[in-house]
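J.: Compact mmCIF, C-alpha atoms, file final08.txt:
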```txt
# COMPACT_ATOMS: atom_id res chain seq x y z
CA MET A 1 28.41 29.30 -36.83
CA THR A 2 26.40 27.00 -39.07
CA LYS A 3 29.46 26.63 -41.27
CA ARG A 4 31.61 25.71 -38.27
CA ARG A 5 29.09 23.14 -37.12
CA SER A 6 28.84 21.60 -40.55
CA SER A 7 32.63 21.34 -40.82
CA LEU A 8 32.77 19.61 -37.40
CA LYS A 9 30.14 17.22 -38.67
CA THR A 10 32.24 16.53 -41.78
CA TRP A 11 35.30 15.63 -39.66
CA ALA A 12 33.18 13.45 -37.34
CA VAL A 13 31.74 11.55 -40.30
CA LEU A 14 35.27 11.24 -41.72
CA LEU A 15 36.61 9.71 -38.48
CA LEU A 16 33.66 7.34 -38.32
CA PHE A 17 34.36 6.27 -41.91
CA LEU A 18 38.09 5.62 -41.26
CA ALA A 19 37.31 3.59 -38.11
CA LEU A 20 34.64 1.48 -39.84
CA LYS A 21 36.91 0.87 -42.83
CA ALA A 22 39.94 -0.11 -40.75
CA GLY A 23 37.91 -2.31 -38.41
CA GLY A 24 35.99 -3.90 -41.28
CA ASN A 25 39.15 -4.61 -43.30
CA SER A 26 40.90 -6.26 -40.37
CA ALA A 27 37.92 -8.43 -39.42
CA MET A 28 37.48 -9.42 -43.07
CA ALA A 29 41.18 -10.25 -43.59
CA TRP A 30 41.36 -12.22 -40.33
CA GLY A 31 38.15 -14.14 -41.13
CA MET A 32 39.04 -14.90 -44.76
CA LYS A 33 42.41 -16.36 -43.76
CA HIS A 34 40.46 -18.87 -41.65
CA VAL A 35 37.99 -19.89 -44.36
CA PRO A 36 39.16 -23.32 -45.61
CA GLU A 37 37.90 -23.12 -49.20
CA GLN A 38 39.87 -21.02 -51.68
CA MET A 39 37.62 -18.37 -53.30
CA SER A 40 37.06 -18.71 -57.06
CA MET A 41 34.35 -17.71 -59.54
CA ASP A 42 31.79 -19.87 -57.70
CA PRO A 43 29.42 -17.48 -55.88
CA THR A 44 28.33 -20.09 -53.30
CA LEU A 45 31.87 -20.04 -51.90
CA TYR A 46 31.43 -16.37 -50.98
CA ILE A 47 28.06 -17.02 -49.34
CA ARG A 48 29.61 -19.81 -47.26
CA ALA A 49 32.60 -17.62 -46.37
CA MET A 50 30.15 -15.04 -45.01
CA LEU A 51 29.07 -17.55 -42.36
CA ASN A 52 32.44 -17.03 -40.69
CA PRO A 53 31.65 -14.58 -37.84
CA TYR A 54 34.71 -12.38 -38.52
CA VAL A 55 33.87 -12.16 -42.21
CA ALA A 56 30.25 -11.33 -41.32
CA LEU A 57 31.41 -8.65 -38.86
CA GLY A 58 33.78 -7.25 -41.50
CA ILE A 59 30.97 -7.10 -44.06
CA VAL A 60 28.63 -5.25 -41.68
CA ALA A 61 31.39 -2.74 -40.81
CA LEU A 62 32.33 -2.25 -44.49
CA ILE A 63 28.68 -1.74 -45.54
CA LEU A 64 28.35 0.90 -42.80
CA ALA A 65 31.64 2.40 -44.04
CA LEU A 66 30.21 2.56 -47.58
CA LEU A 67 27.06 4.33 -46.37
CA THR A 68 29.14 6.67 -44.20
CA ARG A 69 31.33 7.51 -47.20
CA MET A 70 28.24 8.29 -49.26
CA ALA A 71 27.06 10.59 -46.48
CA LEU A 72 30.55 12.17 -46.49
CA LEU A 73 30.35 12.74 -50.25
CA SER A 74 27.08 14.59 -49.72
CA LEU A 75 28.78 16.85 -47.13
CA ALA A 76 32.05 17.49 -48.94
CA ASP A 77 33.52 17.50 -52.44
CA LEU A 78 35.31 14.42 -53.77
CA SER A 79 38.42 16.61 -54.00
CA PHE A 80 38.33 16.83 -50.19
CA VAL A 81 37.20 13.24 -49.54
CA LEU A 82 39.86 11.54 -51.70
CA PRO A 83 42.98 13.12 -50.11
CA VAL A 84 41.78 12.95 -46.49
CA THR A 85 40.74 9.30 -46.78
CA ALA A 86 44.15 8.44 -48.31
CA ILE A 87 45.49 8.01 -44.75
CA GLY A 88 43.49 4.76 -44.83
CA TYR A 89 46.30 3.12 -46.89
CA VAL A 90 48.83 3.81 -44.15
CA ILE A 91 46.37 2.68 -41.45
CA SER A 92 45.72 -0.63 -43.23
CA VAL A 93 49.43 -1.47 -43.54
CA PHE A 94 49.89 -0.58 -39.87
CA ILE A 95 46.97 -2.86 -38.92
CA GLY A 96 48.36 -5.64 -41.12
CA LYS A 97 51.68 -5.44 -39.32
CA VAL A 98 50.50 -4.93 -35.73
CA PHE A 99 47.28 -6.93 -35.51
CA LEU A 100 47.56 -9.50 -38.30
CA HIS A 101 51.33 -9.98 -37.80
CA GLU A 102 52.12 -9.57 -41.49
CA THR A 103 55.67 -9.01 -42.64
CA VAL A 104 55.92 -5.46 -43.96
CA THR A 105 59.22 -4.86 -45.75
CA HIS A 106 60.87 -1.42 -46.06
CA GLN A 107 59.96 -1.55 -49.74
CA ARG A 108 56.27 -2.01 -48.90
CA TRP A 109 56.33 0.88 -46.41
CA LEU A 110 58.01 3.08 -49.00
CA GLY A 111 55.38 2.08 -51.57
CA THR A 112 52.59 2.84 -49.11
CA VAL A 113 54.01 6.27 -48.30
CA LEU A 114 54.32 7.01 -52.05
CA ILE A 115 50.68 5.93 -52.56
CA PHE A 116 49.60 8.17 -49.67
CA ALA A 117 51.51 11.15 -51.10
CA GLY A 118 50.36 10.49 -54.66
CA ALA A 119 46.75 10.10 -53.56
CA ILE A 120 46.90 13.49 -51.83
CA LEU A 121 48.33 15.10 -54.97
CA VAL A 122 45.68 13.54 -57.21
CA GLY A 123 42.89 14.20 -54.74
CA THR A 124 43.62 17.88 -54.19
CA THR A 125 43.33 18.70 -57.87
CA SER A 126 39.67 19.55 -58.16
CA ARG A 127 37.93 17.48 -60.77
CA ASP A 128 34.42 18.78 -60.84
CA LYS A 129 33.21 22.27 -61.36
CA THR A 130 31.04 22.58 -58.24
CA GLY A 131 32.27 25.44 -56.04
CA ASP A 132 28.82 26.99 -55.81
CA GLU A 133 28.20 25.37 -52.43
CA ALA A 134 30.42 25.06 -49.29
CA MET B 1 46.12 -14.19 -59.88
CA LYS B 2 46.67 -11.45 -57.32
CA TRP B 3 47.00 -8.81 -60.04
CA ILE B 4 43.83 -10.03 -61.80
CA LEU B 5 41.95 -9.47 -58.54
CA VAL B 6 43.58 -6.05 -58.09
CA VAL B 7 42.52 -5.07 -61.63
CA ALA B 8 38.94 -6.26 -60.96
CA ILE B 9 38.83 -4.23 -57.74
CA VAL B 10 40.22 -1.14 -59.43
CA ILE B 11 37.84 -1.17 -62.44
CA ALA B 12 34.75 -1.80 -60.28
CA THR B 13 35.81 0.84 -57.76
CA VAL B 14 36.41 3.55 -60.35
CA ALA B 15 33.07 2.91 -62.09
CA SER B 16 31.15 2.98 -58.81
CA ASP B 17 33.05 6.06 -57.56
CA LEU B 18 32.13 8.09 -60.62
CA LEU B 19 28.47 7.01 -60.46
CA GLN B 20 28.11 7.58 -56.73
CA SER B 21 29.81 10.95 -56.72
CA TYR B 22 27.57 12.12 -59.56
CA GLU B 23 24.36 10.77 -58.03
CA MET B 24 24.97 11.89 -54.43
CA LYS B 25 25.55 15.46 -55.58
CA GLN B 26 22.10 15.34 -57.19
CA VAL B 27 20.48 13.88 -54.07
CA GLY B 28 21.88 16.47 -51.66
CA GLU B 29 23.11 16.37 -48.06
CA GLN B 30 22.50 13.19 -46.05
CA SER B 31 22.56 12.60 -42.30
CA VAL B 32 24.19 9.64 -40.53
CA SER B 33 21.37 8.92 -38.03
CA ALA B 34 19.47 5.63 -38.22
CA HIS B 35 16.68 7.53 -39.90
CA GLY B 36 19.18 9.11 -42.29
CA PHE B 37 20.51 5.68 -43.31
CA ALA B 38 16.99 4.37 -43.87
CA ARG B 39 16.30 7.34 -46.14
CA LEU B 40 19.61 6.81 -47.92
CA LEU B 41 18.70 3.17 -48.63
CA GLN B 42 15.37 4.36 -50.01
CA THR B 43 17.18 6.87 -52.23
CA ILE B 44 19.50 4.14 -53.54
CA ALA B 45 16.49 1.99 -54.45
CA GLN B 46 14.99 4.83 -56.47
CA ARG B 47 18.01 5.80 -58.58
CA ARG B 48 19.19 3.42 -61.25
CA LEU B 49 22.71 4.82 -61.62
CA LEU B 50 23.13 4.69 -57.85
CA ILE B 51 22.11 1.00 -57.86
CA LEU B 52 24.72 0.42 -60.58
CA GLY B 53 27.26 2.25 -58.42
CA VAL B 54 26.46 0.02 -55.46
CA ALA B 55 26.69 -3.05 -57.74
CA GLY B 56 30.21 -1.90 -58.66
CA ASN B 57 30.97 -1.79 -54.94
CA ALA B 58 29.67 -5.36 -54.59
CA VAL B 59 31.93 -6.65 -57.39
CA SER B 60 34.96 -4.90 -55.96
CA PHE B 61 33.98 -6.24 -52.55
CA PHE B 62 33.91 -9.92 -53.57
CA ALA B 63 37.20 -9.52 -55.41
CA PHE B 64 38.60 -7.96 -52.24
CA MET B 65 37.40 -10.97 -50.18
CA ALA B 66 39.26 -13.29 -52.54
CA LEU B 67 42.35 -11.04 -52.47
CA VAL B 68 42.68 -10.80 -48.67
CA GLN B 69 42.33 -14.57 -48.45
CA ARG B 70 45.43 -15.06 -50.60
CA GLU B 71 47.46 -11.95 -49.88
CA PRO B 72 48.30 -9.85 -46.80
CA LEU B 73 46.08 -6.86 -45.96
CA SER B 74 49.20 -4.68 -46.19
CA PHE B 75 49.32 -5.58 -49.90
CA ALA B 76 45.59 -5.71 -50.70
CA VAL B 77 44.60 -2.23 -49.54
CA PRO B 78 47.54 -0.18 -50.91
CA ALA B 79 47.42 -2.07 -54.24
CA SER B 80 43.80 -1.02 -54.70
CA ALA B 81 45.08 2.59 -54.83
CA ALA B 82 45.85 1.88 -58.49
CA SER B 83 42.31 3.22 -58.92
CA TYR B 84 43.80 6.75 -58.82
CA VAL B 85 45.83 5.91 -61.90
CA LEU B 86 42.82 4.55 -63.80
CA GLU B 87 40.66 7.51 -62.75
CA THR B 88 43.26 9.93 -64.08
CA VAL B 89 43.62 8.04 -67.35
CA LEU B 90 39.81 7.93 -67.76
CA ALA B 91 39.52 11.63 -66.96
CA LYS B 92 41.96 12.41 -69.75
CA PHE B 93 40.91 10.01 -72.49
CA VAL B 94 37.20 9.47 -71.82
CA LEU B 95 36.04 12.68 -70.17
CA HIS B 96 38.64 14.73 -72.11
CA GLU B 97 39.54 16.70 -69.01
CA ARG B 98 42.77 18.62 -69.00
CA ILE B 99 45.07 16.86 -66.55
CA GLY B 100 47.41 19.25 -64.73
CA THR B 101 51.05 18.47 -63.96
CA ARG B 102 50.15 18.05 -60.29
CA ARG B 103 47.54 15.37 -60.92
CA ALA B 104 49.65 13.56 -63.53
CA ALA B 105 52.59 13.53 -61.10
CA GLY B 106 50.31 12.27 -58.30
CA ALA B 107 49.05 9.40 -60.47
CA MET B 108 52.62 8.43 -61.45
CA ILE B 109 53.69 8.48 -57.78
CA VAL B 110 50.73 6.24 -56.86
CA LEU B 111 51.68 3.86 -59.68
CA ALA B 112 55.29 3.72 -58.46
CA GLY B 113 53.97 3.04 -54.94
CA VAL B 114 51.74 0.19 -56.15
CA VAL B 115 54.68 -1.40 -57.99
CA LEU B 116 56.82 -1.18 -54.83
CA VAL B 117 54.03 -2.58 -52.62
CA GLY B 118 53.53 -5.51 -55.00
CA GLY B 119 57.23 -6.25 -55.46
```
Could I get this file's structure written as structure tokens?
T.:
Amino acid sequence: MTKRRSSLKTWAVLLLFLALKAGGNSAMAWGMKHVPEQMSMDPTLYIRAMLNPYVALGIVALILALLTRMALLSLADLSFVLPVTAIGYVISVFIGKVFLHETVTHQRWLGTVLIFAGAILVGTTSRDKTGDEA
Amino acid sequence: MKWILVVAIVIATVASDLLQSYEMKQVGEQSVSAHGFARLLQTIAQRRLLILGVAGNAVSFFAFMALVQREPLSFAVPASAASYVLETVLAKFVLHERIGTRRAAGAMIVLAGVVLVGG
């Protein structure tokens, strides 16, 4: 029963992570496209870009996503986290097309699907020698 | 320019991934409540390698800001998956891990995908 509850928790944290990441990426991309100055090596440009409300919202969501991912890594092995979060690549292309009205060619979709498949293959090969928990 | 930013994102991401994965396993299970986050922030402040890991995230983050300004999101996010390729290469040549056929094939497929996404 404890195990079941902890696996439910893992999936809940995973969903929260994917939502924060997708939302944060879209807000960030939308905001950055509306920042007039082109980013370069000058750090003050980034600070000023952060004053854009969409960029600020994106940053908050992405920081929460980072913390959520760290929490996820404490609940599950990287060999679980990497393949299941690979769906994020497909989600981001979908968001780019639907919400940001980007042109997504067949070639880009094919590339994204390959990345998704490859990421699952890489991610499901266990790297570390944990296995004493779970 | 877009590939320079992708490379910066990938290198910073891989470094911070390795550090964070290592450190969080040492710290143990975390909760996602407000209290849990506060404790997590405290933990980060106390562990030097974890700070370095978060700094890697910051670098990759600023490079990502610059990338999404110039390029579509549907390029920026998939292209950053090149980190799988670098991680696999590092695992073989730096950590001297034995890379199975499955993982090598996965990394090659990701690489092919990144080339297609960028083309």
J.: Compile a residue-level contact table for segment 7-110 of chain B against segment 56-62 of chain A at a cut-off of 12 Å, reporting for every qualifying residue the shortest atom pair and its distance in Å to one decimal, with only C-alpha atoms counted, rows ordered by chain and ascending number, as a tab-separated table.
T.:
```
residue	atom	partner	partner_atom	distance
B:Asn57	CA	A:Leu62	CA	10.5
B:Ala58	CA	A:Ile59	CA	10.8
B:Phe61	CA	A:Ile59	CA	9.0
B:Phe62	CA	A:Ile59	CA	10.3
B:Phe64	CA	A:Ile59	CA	11.2
B:Met65	CA	A:Ile59	CA	9.7
B:Val68	CA	A:Gly58	CA	12.0
```
J.: If we count all atoms listed in the file and set the cut-off at 8 Å, which residues sit around segment 6-18 of chain B, ignoring sequence neighbours fewer than 3 positions away in its own chain? Please answer as a PyMOL selection string.
T.: chain B and resi 2-3+21-22+52-57+59-61+63-64+67+76+79-83+86-87
J.: Please identify all residues of chain B having at least one atom at most 7 Å from any atom of chain A, considering all atoms listed in the file, and return them as a ChimeraX atom specification.
T.: /B:21,24-25,28-32,65-66,68-69,72-74,77-78,81,84,102-103,106-107,109-110,113-114,116-117
J.: Next, the residues of the selection above should be written as a short mmCIF file (atom, residue, chain, number, x, y, z; two decimals), keeping the file's coordinate frame with C-alpha atoms.
T.:
```
data_model
loop_
_atom_site.label_atom_id
_atom_site.label_comp_id
_atom_site.auth_asym_id
_atom_site.auth_seq_id
_atom_site.Cartn_x
_atom_site.Cartn_y
_atom_site.Cartn_z
CA SER B 21 29.81 10.95 -56.72
CA MET B 24 24.97 11.89 -54.43
CA LYS B 25 25.55 15.46 -55.58
CA GLY B 28 21.88 16.47 -51.66
CA GLU B 29 23.11 16.37 -48.06
CA GLN B 30 22.50 13.19 -46.05
CA SER B 31 22.56 12.60 -42.30
CA VAL B 32 24.19 9.64 -40.53
CA MET B 65 37.40 -10.97 -50.18
CA ALA B 66 39.26 -13.29 -52.54
CA VAL B 68 42.68 -10.80 -48.67
CA GLN B 69 42.33 -14.57 -48.45
CA PRO B 72 48.30 -9.85 -46.80
CA LEU B 73 46.08 -6.86 -45.96
CA SER B 74 49.20 -4.68 -46.19
CA VAL B 77 44.60 -2.23 -49.54
CA PRO B 78 47.54 -0.18 -50.91
CA ALA B 81 45.08 2.59 -54.83
CA TYR B 84 43.80 6.75 -58.82
CA ARG B 102 50.15 18.05 -60.29
CA ARG B 103 47.54 15.37 -60.92
CA GLY B 106 50.31 12.27 -58.30
CA ALA B 107 49.05 9.40 -60.47
CA ILE B 109 53.69 8.48 -57.78
CA VAL B 110 50.73 6.24 -56.86
CA GLY B 113 53.97 3.04 -54.94
CA VAL B 114 51.74 0.19 -56.15
CA LEU B 116 56.82 -1.18 -54.83
CA VAL B 117 54.03 -2.58 -52.62
#
```
J.: One decimal, in Å: what's the spacing between atom CA of Arg70 of chain B and atom CA of Ala65 of chain A?
T.: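 Straight-line distance from atom CA of Arg70 of chain B to atom CA of Ala65 of chain A works out to 23.2 Å.
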J.: Which of these, A:Val98, A:Thr85, A:Arg69, A:Leu20, has the shortest distance to Leu40 of chain B once you count all atoms listed in the file?
T.: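 With all atoms listed in the file as the atom set, the closest residue is A:Arg69.
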J.: Just to confirm, what's the straight-line distance from atom CA of Val81 of chain A to atom CA of Ile4 of chain B in Å (one decimal)?
T.: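 One can read the atom CA of Val81 of chain A to atom CA of Ile4 of chain B distance as 27.1 Å.
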